[in-house]
There are 2 protein chains.
Amino acid sequence: MPTRSTIMDANSYRSGLGDPLDPEDEALLERRERVLGGAYRLFYRRPVHLVSGSGQYVFDAQGTKYLDVYNNVPSIGHAHPAVTRAVTEQLRRINTHTRYLGDEIVDYTEELLATFPAEIDTAMYMCTGSEANDLAVRVAQEYSGGTGIIVTREAYHGTSYLTSGMSPALGSGQPILPFVRLVDPPDRYRVRTPDIGEWFAGQVQAAIDDLATSGVTFAGVLADSIFSSDGVFPDPVGMLRPVVDLVHRNGGIWIADEVQPGFGRTGDSFWGFARHGIVPDLVTIGKPMANGIPASGLLGRAEVMTAFSDKLPYFNTFGGNPVAMAAARAVLHVLQVENLQEHALLVGDSLREELRGLAQVHPCIGDIRGAGQFTGLELVEEPSAGEVGQAKSGLSEAPDPDGTLALDVIEGLRDRHVLTSVAGHSSNVLKLRPPLPFAEGDIDWLVGAIDETLTELGK
Amino acid sequence: MPTRSTIMDANSYRSGLGDPLDPEDEALLERRERVLGGAYRLFYRRPVHLVSGSGQYVFDAQGTKYLDVYNNVPSIGHAHPAVTRAVTEQLRRINTHTRYLGDEIVDYTEELLATFPAEIDTAMYMCTGSEANDLAVRVAQEYSGGTGIIVTREAYHGTSYLTSGMSPALGSGQPILPFVRLVDPPDRYRVRTPDIGEWFAGQVQAAIDDLATSGVTFAGVLADSIFSSDGVFPDPVGMLRPVVDLVHRNGGIWIADEVQPGFGRTGDSFWGFARHGIVPDLVTIGKPMANGIPASGLLGRAEVMTAFSDKLPYFNTFGGNPVAMAAARAVLHVLQVENLQEHALLVGDSLREELRGLAQVHPCIGDIRGAGQFTGLELVEEPSAGEVGQAKSGLSEAPDPDGTLALDVIEGLRDRHVLTSVAGHSSNVLKLRPPLPFAEGDIDWLVGAIDETLTELGK
């Protein structure tokens, strides 16, 4: 069955495409394919075999050092000793579930809620972002009395039946559920409009109307606060206010999916939604929460959460377990002690400044955008001059996306020991999302590698 | 909205019902309820505050020792040092995802597959049993071309939208999905029939027929191999053969949910399904897999798994991560080195022998059944003599279930520092499912506590 190339497998190893692996890696790859089957894809034409990491660096089996500009799960840095220590100490004591009283979940939750607006006063825990989004949608449906959910056109919200059914990023083989509607993301590079926030609200209103036409009552919007898989759309600050107001006027719930932008990454604020000055009704958190120990959460206004919990039980065996909570608490403390949010803000701005310089000599760089340590670098065909790195107005079309180039670039970066990947409907946006310790001193390596790669590719 | 009392919240704390807590626990409880909200339930009228554990014992904040006869997640024992060591060492190296080559997932998978029949040759990893069952159902639907799923009447298969929609144990507030049918479990205590296996196959055939009447094509059966939440139905060995044959004749998939019975617990064999001499098409594993580090898996025949993976991408960020794999591998090794499967077989048989003695003096014990360290003790009203602990035939009714008594008993056990809980449609079956190190020397404590409690309750 033909399916379009998806973000999920755009950057995938297929045997025979790249240089041969060394014999040990080749043997490991063969064993892997024998027991894991076809669902498992590897990054890169020539996969990377990682054996250790520290901060923003990882090392392969031959001891080669790589700069990690992709992985947001080890957000405070690979193999951070504070997490190792917290997990080890808790494992030595006990690791059980939330049906017994325990200090760890309460201590963590109080600290976590302190990072949210006062309206967000209740937390629940799961193990993955998929589980958090799955539950969030069910809570939104119970509270609103509707079922209709709106997501963006290249959204990715999870792997469960429900969340994959609202994840068009999984490709055309993945059916979108009948009560789900897609809207274009607030992409001010490609949508020339004076107010992208109002424009986006208009998209959502049209989708609400379309749901109504089908007899589906609107329940809410589930949106990544930085539209990661759509291609990274952070600006302008405040652009989500009109759409959140509109959703509330229509009786719906705004679910902020903070699985990717959360925990200080966007620099200006601890949560991606907070940059836009909005207060969501529900928030889902995940990936970087416990630096790689599986943990996720659903937070929200008590009134909204109660609409679900008064009617239905929910118990997640591993959710909120003391080891996950200890790891998550260590992450919160490291973020504070190492001042990583401010660090993300400063370094992210410096990186984008350098990338803008690069765009002057490589016209295939169509746009550079981001917040903190979350940068999208959009590669395009035949761009016209003067369109780089700033908001535009008017009706002119942006150049066509160049997904083929983007894949060549991430392979070139891999050869230069820089790990990253792609996002966006056309897989043409480099997603630069390093562990937060990524520093000013790493910018030269990354920018130099992009420069060399583009030059080598004749771009 | 009125919902019937469910297993999930039958054994739940509600303030004011039990003796007051000590002031520190009371303060912790208040903080907990303020930040976690109504979805979180605690076991017991007087909740237990656990701070440490070792083997089959746990300790509260006052240093009181409890015998754990409930928790199967810390299956090789609470705070097992082999797991702590494996996790700590891996956390010091790296914890990343499966898009890079890594040794840990391959090493573990080869060892795991060696515990399965040769037909089961492919593995995928997630973080929770819910995620494993959610994916298993989707794989079964892709492979079979149907959607219809059959589960047992008090099944519990997970917390996601899809799996909660096939988990009637969640109570009457939880809608069952329209393509799901319920069948009675193979309960030979209450169903007087000469061949419970053929009887159960007949139930499933009727459900397949009913699906067809509704225009729903049969996809498969999802069944816990020991019917844990239905009330623990392990016998007779081989009883699942007729139904699995029937499912295959009808073009369906047999999904063995091994989240509770797996990893040696049932004693006779490493997997619950293997006791019955069947080979499932898909197997889901979870809870005890990594002794509490969130990890789960879906295993199956390559042909079945490929029907899904050829069409749809699946990537679980934390699934199969090196730390989870290291913990899971440590669990496999400890199970072997400490000979815990055989231990479970021997100790479980001894326990049930002792419980049968107890049934002679407490006629409220209607039935005792189990395999290895998974025992169900069914409490009933006004039983007639001679009905205890053996298979029956004929048409006579078993005594009515006594769920109220069961709840009183688990409270009495808690007061005697023995932790357990209930299962079954009427919440009247004590679920005795300790960490596997539970030993001969612990039987007196457990059986004595049940004896004392029943005597105190005048039963």
# chains A, B, ... in the order shown; residues from 1 in each chain; ligands from 1
call {"tool": "residues_around", "arguments": {"residues": "Asp210 (chain B)", "least_positions_apart": "2", "cutoff": "12 Å", "atoms": "only C-alpha atoms", "output": "number ranges by chain"}}
result
B: 148-150, 178-183, 203-208, 212-218
call {"tool": "select_by_dssp", "arguments": {"residues": "region 204-403 of chain B", "states": "strand (DSSP E or B)", "output": "VMD selection string"}}
result
chain B and resid 218 to 224 253 to 257 282 to 285 291 293 296 to 300 365 to 371 374 to 380 401
call {"tool": "select_by_dssp", "arguments": {"residues": "region 159-225 of chain B", "states": "alpha helix (DSSP H)", "output": "MDAnalysis selection string"}}
result
chainID B and resid 161:164 196:213
call {"tool": "residues_around", "arguments": {"residues": "region 117-133 of chain B", "least_positions_apart": "5", "cutoff": "6 Å", "atoms": "only C-alpha atoms", "output": "ChimeraX atom specification"}}
result
/A:35-37 /B:158-159,284,286,294-302,319-320
call {"tool": "closest_residue", "arguments": {"among": "B:Thr98, B:Ser427, B:Ser228, B:Ser269", "to": "chain A", "atoms": "only C-alpha atoms"}}
result
B:Thr98
call {"tool": "residues_around", "arguments": {"residues": "Val334 (chain B)", "least_positions_apart": "4", "cutoff": "8 Å", "atoms": "only C-alpha atoms", "output": "list in words"}}
result
Ile76, Ala82, Ala330, Glu338, Asn339 and Leu340 of chain B
call {"tool": "closest_residue", "arguments": {"among": "B:Asp195, B:Asp444, B:Asp230, B:Asp103", "to": "chain A", "atoms": "only C-alpha atoms"}}
result
B:Asp103
call {"tool": "atom_distance", "arguments": {"atom1": "CA of Leu246 (chain A)", "atom2": "CA of Glu258 (chain A)"}}
result
20.5 Å
call {"tool": "closest_residue", "arguments": {"among": "A:Ala223, A:Val259, A:Ala359, A:Val151", "to": "chain B", "atoms": "only C-alpha atoms"}}
result
A:Val259
call {"tool": "residues_around", "arguments": {"residues": "Ala371 (chain B)", "least_positions_apart": "3", "cutoff": "8 Å", "atoms": "only C-alpha atoms", "output": "list in words"}}
result
Pro234, Arg265, Thr266, Gly267, Asp268, Leu345, Gly348, Asp349, Phe374 and Thr375 of chain B
call {"tool": "residues_around", "arguments": {"residues": "Tyr161 (chain B)", "least_positions_apart": "2", "cutoff": "7 Å", "atoms": "only C-alpha atoms", "output": "list in words"}}
result
Asp134 and Leu162 of chain A; Thr159, Thr163, Ser164 and Gly165 of chain B
call {"tool": "write_last_selection", "arguments": {"atoms": "N, CA and C atoms", "output": "PDB file, in the first residue's frame"}}
result
ATOM      1  N   ASP A 134      -3.553  10.979  25.360  1.00  0.00           N
ATOM      2  CA  ASP A 134      -4.723  10.100  25.279  1.00  0.00           C
ATOM      3  C   ASP A 134      -5.712  10.453  26.389  1.00  0.00           C
ATOM      4  N   LEU A 162      -5.933   6.267  20.006  1.00  0.00           N
ATOM      5  CA  LEU A 162      -6.583   7.580  20.007  1.00  0.00           C
ATOM      6  C   LEU A 162      -5.629   8.667  19.529  1.00  0.00           C
TER       7      LEU A 162
ATOM      8  N   THR B 159      -5.480   1.536  30.359  1.00  0.00           N
ATOM      9  CA  THR B 159      -6.044   2.850  30.679  1.00  0.00           C
ATOM     10  C   THR B 159      -6.172   3.754  29.469  1.00  0.00           C
ATOM     11  N   THR B 163      -7.939   0.657  25.185  1.00  0.00           N
ATOM     12  CA  THR B 163      -7.913  -0.473  26.122  1.00  0.00           C
ATOM     13  C   THR B 163      -8.904  -0.292  27.266  1.00  0.00           C
ATOM     14  N   SER B 164      -9.178   0.946  27.664  1.00  0.00           N
ATOM     15  CA  SER B 164     -10.209   1.107  28.689  1.00  0.00           C
ATOM     16  C   SER B 164     -11.580   0.774  28.098  1.00  0.00           C
ATOM     17  N   GLY B 165     -11.725   0.961  26.796  1.00  0.00           N
ATOM     18  CA  GLY B 165     -12.969   0.591  26.127  1.00  0.00           C
ATOM     19  C   GLY B 165     -13.141  -0.907  25.969  1.00  0.00           C
TER      20      GLY B 165
END
call {"tool": "residues_around", "arguments": {"residues": "Ile253 (chain A)", "least_positions_apart": "5", "cutoff": "9 Å", "atoms": "only C-alpha atoms", "output": "tab-separated table (two decimals) with all heavy atoms, in the first residue's frame"}}
result
chain	number	residue	atom	x	y	z
A	140	ALA	N	-10.98	16.16	28.15
A	140	ALA	CA	-11.60	17.27	27.42
A	140	ALA	C	-12.99	16.88	26.93
A	140	ALA	O	-13.93	17.68	26.97
A	140	ALA	CB	-10.71	17.69	26.25
A	141	GLN	N	-13.12	15.65	26.47
A	141	GLN	CA	-14.42	15.20	25.96
A	141	GLN	C	-15.43	15.09	27.10
A	141	GLN	O	-16.60	15.49	26.94
A	141	GLN	CB	-14.25	13.87	25.21
A	141	GLN	CG	-13.48	14.07	23.88
A	141	GLN	CD	-13.18	12.76	23.15
A	141	GLN	OE1	-13.08	11.71	23.77
A	141	GLN	NE2	-13.01	12.85	21.84
A	143	TYR	N	-15.41	16.76	29.93
A	143	TYR	CA	-15.71	18.09	30.46
A	143	TYR	C	-16.61	18.88	29.52
A	143	TYR	O	-17.58	19.51	29.94
A	143	TYR	CB	-14.42	18.87	30.71
A	143	TYR	CG	-14.66	20.26	31.24
A	143	TYR	CD1	-15.02	20.46	32.58
A	143	TYR	CD2	-14.52	21.37	30.42
A	143	TYR	CE1	-15.25	21.73	33.06
A	143	TYR	CE2	-14.74	22.65	30.91
A	143	TYR	CZ	-15.11	22.83	32.23
A	143	TYR	OH	-15.33	24.08	32.71
A	144	SER	N	-16.29	18.82	28.22
A	144	SER	CA	-17.01	19.64	27.25
A	144	SER	C	-18.34	19.03	26.85
A	144	SER	O	-19.24	19.73	26.39
A	144	SER	CB	-16.16	19.84	26.00
A	144	SER	OG	-16.00	18.59	25.33
A	218	PHE	N	-17.91	20.23	19.36
A	218	PHE	CA	-16.51	20.60	19.58
A	218	PHE	C	-16.11	20.32	21.03
A	218	PHE	O	-16.80	20.70	21.96
A	218	PHE	CB	-16.37	22.09	19.27
A	218	PHE	CG	-15.01	22.68	19.54
A	218	PHE	CD1	-13.86	22.12	19.00
A	218	PHE	CD2	-14.91	23.84	20.30
A	218	PHE	CE1	-12.62	22.70	19.24
A	218	PHE	CE2	-13.66	24.43	20.53
A	218	PHE	CZ	-12.52	23.85	20.00
A	219	ALA	N	-14.97	19.64	21.21
A	219	ALA	CA	-14.45	19.38	22.56
A	219	ALA	C	-13.23	20.24	22.87
A	219	ALA	O	-13.09	20.74	23.98
A	219	ALA	CB	-14.09	17.90	22.72
A	220	GLY	N	-12.34	20.39	21.90
A	220	GLY	CA	-11.17	21.20	22.19
A	220	GLY	C	-10.09	21.11	21.12
A	220	GLY	O	-10.24	20.42	20.12
A	221	VAL	N	-9.03	21.86	21.37
A	221	VAL	CA	-7.86	21.86	20.49
A	221	VAL	C	-6.70	21.24	21.26
A	221	VAL	O	-6.47	21.56	22.43
A	221	VAL	CB	-7.49	23.30	20.07
A	221	VAL	CG1	-6.18	23.31	19.28
A	221	VAL	CG2	-8.61	23.92	19.25
A	222	LEU	N	-6.00	20.35	20.59
A	222	LEU	CA	-4.77	19.76	21.14
A	222	LEU	C	-3.63	20.28	20.28
A	222	LEU	O	-3.57	19.99	19.08
A	222	LEU	CB	-4.87	18.23	21.05
A	222	LEU	CG	-3.62	17.41	21.36
A	222	LEU	CD1	-3.09	17.68	22.77
A	222	LEU	CD2	-3.90	15.91	21.18
A	244	VAL	N	-7.08	30.82	21.66
A	244	VAL	CA	-7.52	30.28	22.95
A	244	VAL	C	-8.83	30.95	23.39
A	244	VAL	O	-9.76	30.29	23.86
A	244	VAL	CB	-6.41	30.44	24.02
A	244	VAL	CG1	-6.93	30.05	25.41
A	244	VAL	CG2	-5.21	29.56	23.65
A	247	VAL	N	-11.57	29.40	21.32
A	247	VAL	CA	-11.89	28.04	21.78
A	247	VAL	C	-12.79	28.11	23.01
A	247	VAL	O	-13.80	27.40	23.10
A	247	VAL	CB	-10.59	27.25	22.06
A	247	VAL	CG1	-10.87	26.00	22.89
A	247	VAL	CG2	-9.91	26.88	20.75
A	248	HIS	N	-12.46	28.98	23.93
A	248	HIS	CA	-13.27	29.10	25.14
A	248	HIS	C	-14.67	29.64	24.82
A	248	HIS	O	-15.66	29.18	25.39
A	248	HIS	CB	-12.55	29.98	26.16
A	248	HIS	CG	-11.37	29.30	26.78
A	248	HIS	ND1	-10.32	29.96	27.35
A	248	HIS	CD2	-11.08	27.98	26.90
A	248	HIS	CE1	-9.43	29.09	27.81
A	248	HIS	NE2	-9.87	27.88	27.54
A	280	PRO	N	-3.73	27.49	29.53
A	280	PRO	CA	-4.47	26.35	28.96
A	280	PRO	C	-5.41	25.76	30.02
A	280	PRO	O	-5.28	26.04	31.21
A	280	PRO	CB	-3.38	25.34	28.62
A	280	PRO	CG	-2.07	26.03	28.86
A	280	PRO	CD	-2.33	27.17	29.78
A	281	ASP	N	-6.33	24.94	29.56
A	281	ASP	CA	-7.20	24.21	30.50
A	281	ASP	C	-6.53	22.91	30.94
A	281	ASP	O	-6.70	22.46	32.06
A	281	ASP	CB	-8.53	23.91	29.83
A	281	ASP	CG	-9.18	25.18	29.32
A	281	ASP	OD1	-9.61	25.98	30.16
A	281	ASP	OD2	-9.20	25.39	28.09
A	282	LEU	N	-5.80	22.32	30.01
A	282	LEU	CA	-5.06	21.10	30.29
A	282	LEU	C	-3.66	21.24	29.68
A	282	LEU	O	-3.49	21.90	28.65
A	282	LEU	CB	-5.76	19.88	29.67
A	282	LEU	CG	-7.12	19.50	30.23
A	282	LEU	CD1	-7.77	18.42	29.37
A	282	LEU	CD2	-7.00	19.02	31.68
A	304	VAL	N	-11.84	20.88	35.54
A	304	VAL	CA	-11.81	20.11	34.30
A	304	VAL	C	-11.45	18.66	34.58
A	304	VAL	O	-12.11	17.73	34.09
A	304	VAL	CB	-10.81	20.74	33.30
A	304	VAL	CG1	-10.76	19.92	32.01
A	304	VAL	CG2	-11.17	22.19	33.01
call {"tool": "atom_distance", "arguments": {"atom1": "CA of Val380 (chain A)", "atom2": "CA of Asp402 (chain A)"}}
result
4.6 Å
call {"tool": "closest_residue", "arguments": {"among": "B:Leu170, B:Val418, B:Ile410, B:Leu351", "to": "Glu440 (chain B)", "atoms": "only C-alpha atoms"}}
result
B:Leu351
